[in-house]
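Below is one structure, written out as structure tokens; the observations come after it.
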Amino acid sequence: MKTILLTGFDAFAGETINPSWEIVRALDGSTHLGKDRHVIGVKLPCVFGQALVELTQHIQTHKPDIVVCIGQAGGRSEISIERVAININDARIADNHGAQPIDQAIVPHGPVAYFSSLPIKAIVAAINAHGIPAAVSQSAGTFVCNHVFYGLMHLAAQHTFIHRAGFVHIPYLPTQAVRHAGAPSMSLEMMSAALLQLLETTLTTEHDASITGGSLH
Ligand code: PCA
């Protein structure tokens, strides 16, 4: 039995929904990966600190083999497989509790950064092979998503039962994009299929593929 913990976020920045929670909710209890795969979906608040308190509790309760946190990145056009989490909070907008930390370490004296331990290149290839746009992203930003990603990788460094962990940013849903002129979007079905591909690839890939996923700037 393998336990897979997925997290999504509350709506933030004036939105009424967050596509990350819509997907995680849709995949909670999924049997698509086989009967011996237990998929658990939980929601995190879009709040510095509290999001990590809750993530830590969920990890201690479920002792997952794989943890994938998911967040909305409005304006991105593809499924973004994040490569690296950095040890900084620098919020351009307030979180859902009104906090706006500037240049604060997430873990004082912690490592500057952690790499994702998902097979990010193989995941991009697998999602693209299913006709769904995906790419490696070199930055998860400096808001609550990077905060959770860094905190997750810090926990994974301490809890050896976590074999793989990482973060994925996703575009707006079409219902959100109608209020953001010109913004790209992706359907719930497509994003859920991409996440299943990500999990299947993570379960079956020991060594990541050597394919370029770099960017020039
Ligand atoms: N996206 C935000 C935080 C919550 C979410 O879904 C981010 O990218 O930091």
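Residue numbering restarts at 1 for every chain of the structure tokens, chains are lettered A, B, ... in their displayed order, and ligands are numbered from 1 as they appear.
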
Which polymer residues have any atom within 12 Å of an atom of Ser80 in chain A, counting only C-alpha atoms, with same-chain residues fewer than 2 positions away left out, as a ChimeraX atom specification?
/A:69-78,82-84,120-121,123-124,127-128,132-141,166-171,191,194-195,198,213

Neighbourhood of ligand 1 at 10 Å, counting only C-alpha atoms and all ligand atoms, reported as a PyMOL selection string:
chain A and resi 8-13+17-21+44-48+51+69-74+89+91-93+95-96+140-149+168-172

- Could you give me the residues within range 9-203 of chain A that DSSP places in strand (DSSP E or B), as a ChimeraX atom specification? /A:9,37-44,66-72,79-82,84-86,89,104,113-115,134-137,164-170,172,185

Closest to Gln60 in chain A among A:Ala125, A:Leu118, A:Val178, A:Leu5, using only C-alpha atoms?
->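 Smallest separation from Gln60 in chain A among the options: A:Leu5.
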
Closest atom pairs, range 56-97 of chain A residues within 9 Å of range 104-113 of chain A, only C-alpha atoms, as a Markdown table:
```
| residue | atom | partner | partner_atom | distance |
| --- | --- | --- | --- | --- |
| A:Val84 | CA | A:Ala113 | CA | 6.7 |
| A:Ala85 | CA | A:Ala113 | CA | 5.5 |
| A:Ile86 | CA | A:Ala113 | CA | 4.3 |
| A:Asn87 | CA | A:Val112 | CA | 5.2 |
| A:Ile88 | CA | A:Ala105 | CA | 4.6 |
| A:Asn89 | CA | A:Gln104 | CA | 5.2 |
| A:Asp90 | CA | A:Gln104 | CA | 6.9 |
```

Checklist entry - Using only C-alpha atoms, which residues sit within 9 Å of Leu55 in chain A once same-chain residues fewer than 2 positions away are excluded, as an NGL selection string? => result :A and (7 or 42 or 44 or 50-53 or 57-60 or 148 or 151-152)

How would the residues just picked look written out with C-alpha atoms as a PDB file, in the first residue's frame?
```pdb
ATOM      1  CA  THR A   7      -2.904  19.326  -0.950  1.00  0.00           C
ATOM      2  CA  VAL A  42      -6.684  17.952   1.968  1.00  0.00           C
ATOM      3  CA  LEU A  44      -4.571  24.174   3.253  1.00  0.00           C
ATOM      4  CA  GLN A  50      -0.764  28.128   9.501  1.00  0.00           C
ATOM      5  CA  ALA A  51      -0.526  26.344   6.144  1.00  0.00           C
ATOM      6  CA  LEU A  52       2.661  24.638   7.322  1.00  0.00           C
ATOM      7  CA  VAL A  53       1.205  23.806  10.744  1.00  0.00           C
ATOM      8  CA  GLN A  57      -0.264  17.572  11.028  1.00  0.00           C
ATOM      9  CA  HIS A  58      -1.506  15.836   7.874  1.00  0.00           C
ATOM     10  CA  ILE A  59       1.934  14.331   7.244  1.00  0.00           C
ATOM     11  CA  GLN A  60       2.207  13.071  10.816  1.00  0.00           C
ATOM     12  CA  VAL A 148       4.538  25.441   1.670  1.00  0.00           C
ATOM     13  CA  GLY A 151       8.317  23.625   4.388  1.00  0.00           C
ATOM     14  CA  LEU A 152       7.314  20.350   2.705  1.00  0.00           C
TER      15      LEU A 152
END
```

So, with only C-alpha atoms as the atoms that count, which of A:Ile66, A:Leu196, A:His163, A:Gly49 lies closest to Ala99 in chain A?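 The shortest atom-to-atom distance to Ala99 in chain A comes from A:Gly49.
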
A straight line from CA of Asp65 in chain A to CA of Ala209 in chain A spans 21.0 Å

Would you mind telling me which residue in A:Thr160, A:Thr31, A:Ser215, A:Ser210 lies nearest to Ala122 in chain A when using only C-alpha atoms?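 That would be A:Ser210, the residue with the smallest distance to Ala122 in chain A.
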
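Atom to atom, CA of Val39 in chain A and CA of Gln176 in chain A stand 26.6 Å apart.
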
Show me, as a PyMOL selection string, the residues that have an atom within 9 Å of Ser30 in chain A when counting only C-alpha atoms, minus same-chain residues fewer than 6 positions from it.
chain A and resi 37-40

Output file for the residues above (all heavy atoms, as an mmCIF file, in the first residue's frame):
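Result written to again_33.cif:
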```
data_model
loop_
_atom_site.group_PDB
_atom_site.id
_atom_site.type_symbol
_atom_site.label_atom_id
_atom_site.label_comp_id
_atom_site.auth_asym_id
_atom_site.auth_seq_id
_atom_site.Cartn_x
_atom_site.Cartn_y
_atom_site.Cartn_z
ATOM 1 N N ARG A 37 -3.121 1.909 -3.921
ATOM 2 C CA ARG A 37 -2.704 3.324 -3.818
ATOM 3 C C ARG A 37 -3.796 4.087 -3.109
ATOM 4 O O ARG A 37 -4.940 4.121 -3.598
ATOM 5 C CB ARG A 37 -2.499 3.972 -5.188
ATOM 6 C CG ARG A 37 -1.793 3.142 -6.218
ATOM 7 C CD ARG A 37 -0.391 2.851 -5.838
ATOM 8 N NE ARG A 37 0.371 2.440 -6.991
ATOM 9 C CZ ARG A 37 1.424 1.646 -6.916
ATOM 10 N NH1 ARG A 37 1.821 1.182 -5.754
ATOM 11 N NH2 ARG A 37 2.096 1.342 -7.987
ATOM 12 N N HIS A 38 -3.445 4.688 -1.993
ATOM 13 C CA HIS A 38 -4.430 5.409 -1.203
ATOM 14 C C HIS A 38 -4.202 6.907 -1.403
ATOM 15 O O HIS A 38 -3.187 7.450 -0.954
ATOM 16 C CB HIS A 38 -4.231 5.010 0.273
ATOM 17 C CG HIS A 38 -5.276 5.531 1.177
ATOM 18 N ND1 HIS A 38 -5.070 5.747 2.512
ATOM 19 C CD2 HIS A 38 -6.554 5.897 0.931
ATOM 20 C CE1 HIS A 38 -6.173 6.227 3.059
ATOM 21 N NE2 HIS A 38 -7.078 6.325 2.118
ATOM 22 N N VAL A 39 -5.118 7.561 -2.114
ATOM 23 C CA VAL A 39 -4.958 8.992 -2.409
ATOM 24 C C VAL A 39 -5.805 9.804 -1.423
ATOM 25 O O VAL A 39 -7.020 9.632 -1.345
ATOM 26 C CB VAL A 39 -5.380 9.322 -3.858
ATOM 27 C CG1 VAL A 39 -5.175 10.814 -4.149
ATOM 28 C CG2 VAL A 39 -4.598 8.479 -4.865
ATOM 29 N N ILE A 40 -5.127 10.686 -0.673
ATOM 30 C CA ILE A 40 -5.815 11.529 0.308
ATOM 31 C C ILE A 40 -5.660 12.986 -0.122
ATOM 32 O O ILE A 40 -4.545 13.445 -0.388
ATOM 33 C CB ILE A 40 -5.183 11.345 1.715
ATOM 34 C CG1 ILE A 40 -5.315 9.892 2.162
ATOM 35 C CG2 ILE A 40 -5.806 12.298 2.725
ATOM 36 C CD1 ILE A 40 -4.406 9.537 3.307
#
```

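Pairwise distance (CA of Ala165 in chain A, CA of Ser117 in chain A) equals 5.4 Å.
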
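Note that DSSP on the backbone gives alpha helix (DSSP H) to these residues of range 59-147 of chain A: Ile59, Gln60, Thr61, His62, Ile120, Lys121, Ala122, Ile123, Val124, Ala125, Ala126, Ile127, Asn128, Ala129, Val144, Cys145, Asn146 and His147 of chain A.
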
Go ahead and write the selection's residues with C-alpha atoms as a PDB file, in the first residue's frame.
```
ATOM      1  CA  ILE A  59       1.934  14.331   7.244  1.00  0.00           C
ATOM      2  CA  GLN A  60       2.207  13.071  10.816  1.00  0.00           C
ATOM      3  CA  THR A  61      -1.302  11.580  10.669  1.00  0.00           C
ATOM      4  CA  HIS A  62      -1.063   9.864   7.279  1.00  0.00           C
ATOM      5  CA  ILE A 120      10.192  16.473 -12.860  1.00  0.00           C
ATOM      6  CA  LYS A 121      11.471  15.868 -16.405  1.00  0.00           C
ATOM      7  CA  ALA A 122       9.792  12.486 -16.769  1.00  0.00           C
ATOM      8  CA  ILE A 123       6.578  14.046 -15.457  1.00  0.00           C
ATOM      9  CA  VAL A 124       6.634  16.842 -18.031  1.00  0.00           C
ATOM     10  CA  ALA A 125       7.272  14.296 -20.798  1.00  0.00           C
ATOM     11  CA  ALA A 126       4.413  12.058 -19.616  1.00  0.00           C
ATOM     12  CA  ILE A 127       1.897  14.896 -19.344  1.00  0.00           C
ATOM     13  CA  ASN A 128       2.916  16.312 -22.731  1.00  0.00           C
ATOM     14  CA  ALA A 129       2.598  12.831 -24.266  1.00  0.00           C
ATOM     15  CA  VAL A 144       2.431  31.004   0.281  1.00  0.00           C
ATOM     16  CA  CYS A 145       3.035  28.312  -2.368  1.00  0.00           C
ATOM     17  CA  ASN A 146       6.820  28.583  -2.171  1.00  0.00           C
ATOM     18  CA  HIS A 147       6.438  28.744   1.626  1.00  0.00           C
TER      19      HIS A 147
END
```

**Message:** Show me, as number ranges by chain, the residues that have an atom within 7 Å of Gly41 in chain A when counting only C-alpha atoms, minus same-chain residues fewer than 6 positions from it.
**Reply:** A: 5-7, 24-25, 27-28

Output for the residues just chosen: C-alpha atoms as an mmCIF file, in the first residue's frame:
```cif
data_model
loop_
_atom_site.group_PDB
_atom_site.id
_atom_site.type_symbol
_atom_site.label_atom_id
_atom_site.label_comp_id
_atom_site.auth_asym_id
_atom_site.auth_seq_id
_atom_site.Cartn_x
_atom_site.Cartn_y
_atom_site.Cartn_z
ATOM 1 C CA LEU A 5 -1.077 13.000 0.118
ATOM 2 C CA LEU A 6 -2.307 15.784 -2.153
ATOM 3 C CA THR A 7 -2.904 19.326 -0.950
ATOM 4 C CA VAL A 24 -7.453 17.739 -5.089
ATOM 5 C CA ARG A 25 -11.066 17.317 -4.045
ATOM 6 C CA LEU A 27 -8.814 13.139 -6.810
ATOM 7 C CA ASP A 28 -9.398 12.438 -3.094
#
```
